[in-house]
Structure formats: C-alpha cells, structure tokens
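Undergrad: Can you read through this structure? Questions will come right after.
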Amino acid sequence: FKNCHNYNINSLSVSPDGENFLSSDDLCINLWNVENNIVAFNLVDLKPPKMEELSEVITFVEYHPKRSDIFLFSSSKGYICYCDLRVSSKFAQHATKF
C-alpha cells in the first residue's frame with residue numbers, strides 16, 4: 001500500500017464488510033481494497049492549485065458502522081461531510097456538509 005499519500009496519514013477506517021478501507025492524510029482520502037494493494041481510488045482531494053491558498057485540511061475519516069457505501073470526514077474548518085458512494089465517488093457535488 002505505497003505511494004498514494006504525500007503527507008502523513010491521519011486516519012484509517014476499515015469497512016464493515018472488511019473488503020475495503022479508507023486512508024486519509026491532510027489533503028486527500030483514498031479507498032483501498034484489502035486484496036489489491038496496487039490500486040487506490042481517490043475520493044476526496046482538497047489540494048488547492050497553489051499551496052499558498054491552502055485553507056483547510058482533513059482531520060478524520062470514518063466508515064459508517066454498518067454500511068460500506070457511506071463514510072464521513074471532518075475538516076479543520078469545522079464541518080463534517082457525509083458521503084454516499086452509491087451516488088458519486090466525488091464528494092464536492094454529492095455530499096452533505098454539517
């Protein structure tokens with residue numbers, strides 16, 4: 001499970017079915033399959049075009065305790081984002097922020 005994070009990993013969360021896990025660093029969240037350590041899917045990417053414009057980081061990621069298609073993450077801006085993978089793999093358009 002190499003070369004997908006440019007920063008220190010701050011959270012890991014295993015799916016309830018045990019098939020996948022999420023890893024997050026300050027700027028991205030990746031979805032991994034436990035049996036395939038070569039491919040990871042980028043679900044969230046907060047990296048701005050210029051690092052000087054960085055205004056928030058990801059602080060935590062967690063799967064729903066019983067559903068493998070739902071996860072949430074928190075941001076340093078103080079919101080929690082609820083993401084449903086059945087709708088879209090990209091959080092910006094199809095996520096709910098609290």
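Please note that chains go A, B, ... in the order of the structure tokens, that every chain numbers its residues from 1, and that ligands are numbered from 1 in the order shown.
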Could you find all residues in segment 18-88 of chain A that DSSP calls strand (DSSP E) from the backbone, and write them as a ChimeraX atom specification?
TA: /A:20-24,28-33,36-45,58-63,70-75,80-84
Undergrad: Write to file, as a PDB file, in the first residue's frame, the residues of the selection just made, with C-alpha atoms.
TA:
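Just written: out.pdb:
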```pdb
ATOM      1  CA  ASN A  20     -12.116  -2.103   1.803  1.00  0.00           C
ATOM      2  CA  PHE A  21     -10.534   0.562   3.915  1.00  0.00           C
ATOM      3  CA  LEU A  22     -10.173   4.332   3.786  1.00  0.00           C
ATOM      4  CA  SER A  23      -6.928   6.171   4.419  1.00  0.00           C
ATOM      5  CA  SER A  24      -6.628   9.925   4.771  1.00  0.00           C
ATOM      6  CA  CYS A  28      -6.902  13.504   0.419  1.00  0.00           C
ATOM      7  CA  ILE A  29      -8.941  10.392   1.170  1.00  0.00           C
ATOM      8  CA  ASN A  30      -8.271   7.155  -0.686  1.00  0.00           C
ATOM      9  CA  LEU A  31     -10.325   3.965  -0.948  1.00  0.00           C
ATOM     10  CA  TRP A  32      -8.394   0.690  -0.988  1.00  0.00           C
ATOM     11  CA  ASN A  33      -9.370  -2.927  -1.483  1.00  0.00           C
ATOM     12  CA  ASN A  36      -5.430  -5.358  -4.098  1.00  0.00           C
ATOM     13  CA  ASN A  37      -2.610  -3.210  -2.771  1.00  0.00           C
ATOM     14  CA  ILE A  38      -1.702  -1.728  -6.164  1.00  0.00           C
ATOM     15  CA  VAL A  39      -4.782   0.406  -6.920  1.00  0.00           C
ATOM     16  CA  ALA A  40      -6.360   3.065  -4.728  1.00  0.00           C
ATOM     17  CA  PHE A  41      -9.260   5.333  -5.641  1.00  0.00           C
ATOM     18  CA  ASN A  42      -9.054   8.990  -4.696  1.00  0.00           C
ATOM     19  CA  LEU A  43     -12.382  10.038  -3.163  1.00  0.00           C
ATOM     20  CA  VAL A  44     -11.553  13.454  -1.743  1.00  0.00           C
ATOM     21  CA  ASP A  45      -8.809  15.849  -2.797  1.00  0.00           C
ATOM     22  CA  ILE A  58      -8.875  16.766   6.557  1.00  0.00           C
ATOM     23  CA  THR A  59      -8.772  15.827  10.221  1.00  0.00           C
ATOM     24  CA  PHE A  60     -10.612  12.476  10.376  1.00  0.00           C
ATOM     25  CA  VAL A  61     -12.335   9.836   8.212  1.00  0.00           C
ATOM     26  CA  GLU A  62     -14.652   7.028   9.340  1.00  0.00           C
ATOM     27  CA  TYR A  63     -16.879   4.434   7.673  1.00  0.00           C
ATOM     28  CA  ILE A  70     -21.277   5.576   3.483  1.00  0.00           C
ATOM     29  CA  PHE A  71     -18.447   7.420   5.203  1.00  0.00           C
ATOM     30  CA  LEU A  72     -17.824  10.789   6.752  1.00  0.00           C
ATOM     31  CA  PHE A  73     -14.869  13.041   7.214  1.00  0.00           C
ATOM     32  CA  SER A  74     -14.181  16.167   9.182  1.00  0.00           C
ATOM     33  CA  SER A  75     -12.338  19.302   8.184  1.00  0.00           C
ATOM     34  CA  ILE A  80     -18.451  17.088   8.935  1.00  0.00           C
ATOM     35  CA  CYS A  81     -19.094  15.831   5.422  1.00  0.00           C
ATOM     36  CA  TYR A  82     -21.397  12.831   4.885  1.00  0.00           C
ATOM     37  CA  CYS A  83     -20.532  10.977   1.662  1.00  0.00           C
ATOM     38  CA  ASP A  84     -22.544   8.249  -0.082  1.00  0.00           C
TER      39      ASP A  84
END
```
Undergrad: Would you give me, as a list in words, the residues in chain A that DSSP reads as alpha helix (DSSP H)?
TA: Phe91, Ala92, Gln93 and His94 of chain A
Undergrad: Create the file for the chosen residues now, containing N, CA, C and O atoms and written as a compact mmCIF listing (two decimals), in the first residue's frame.
TA:
```txt
# COMPACT_ATOMS: atom_id res chain seq x y z
N PHE A 91 -16.86 13.86 -3.63
CA PHE A 91 -17.65 14.45 -2.56
C PHE A 91 -18.18 15.84 -2.89
O PHE A 91 -19.21 16.24 -2.38
N ALA A 92 -17.52 16.62 -3.71
CA ALA A 92 -17.87 18.03 -3.90
C ALA A 92 -19.30 18.24 -4.38
O ALA A 92 -20.00 19.13 -3.92
N GLN A 93 -19.77 17.41 -5.28
CA GLN A 93 -21.10 17.60 -5.85
C GLN A 93 -22.20 16.88 -5.07
O GLN A 93 -23.34 17.30 -5.07
N HIS A 94 -21.89 15.78 -4.42
CA HIS A 94 -22.94 14.91 -3.88
C HIS A 94 -22.78 14.58 -2.41
O HIS A 94 -23.24 13.54 -1.96
```
Undergrad: Using only C-alpha atoms, which residue out of A:Lys97, A:Val87, A:Leu27, A:Tyr79 lies closest to Val57 of chain A?
TA: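 Looking at the shortest contact to Val57 of chain A, the residue is A:Leu27.
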Undergrad: Of the candidates A:Glu56, A:Asn8, A:Asp25, A:Val34, which shows the shortest atom-to-atom distance to Gly78 of chain A, using only C-alpha atoms?
TA: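 Among the listed residues, the smallest separation from Gly78 of chain A belongs to A:Glu56.
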Undergrad: May I ask for the distance between atom CA of His64 of chain A and atom CA of Thr96 of chain A, given in Å to one decimal place?
TA: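 Computing it gives 14.4 Å between the two atoms.
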Undergrad: Report the distance between atom CA of Leu46 of chain A and atom CA of His5 of chain A in Å, rounded to one decimal place.
TA: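 For atom CA of Leu46 of chain A relative to atom CA of His5 of chain A, the distance reads 12.7 Å.
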Undergrad: In Å, with one decimal, what is the gap from atom CA of Lys77 of chain A to atom CA of Leu54 of chain A?
TA: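 Going from atom CA of Lys77 of chain A over to atom CA of Leu54 of chain A, I get 11.6 Å.
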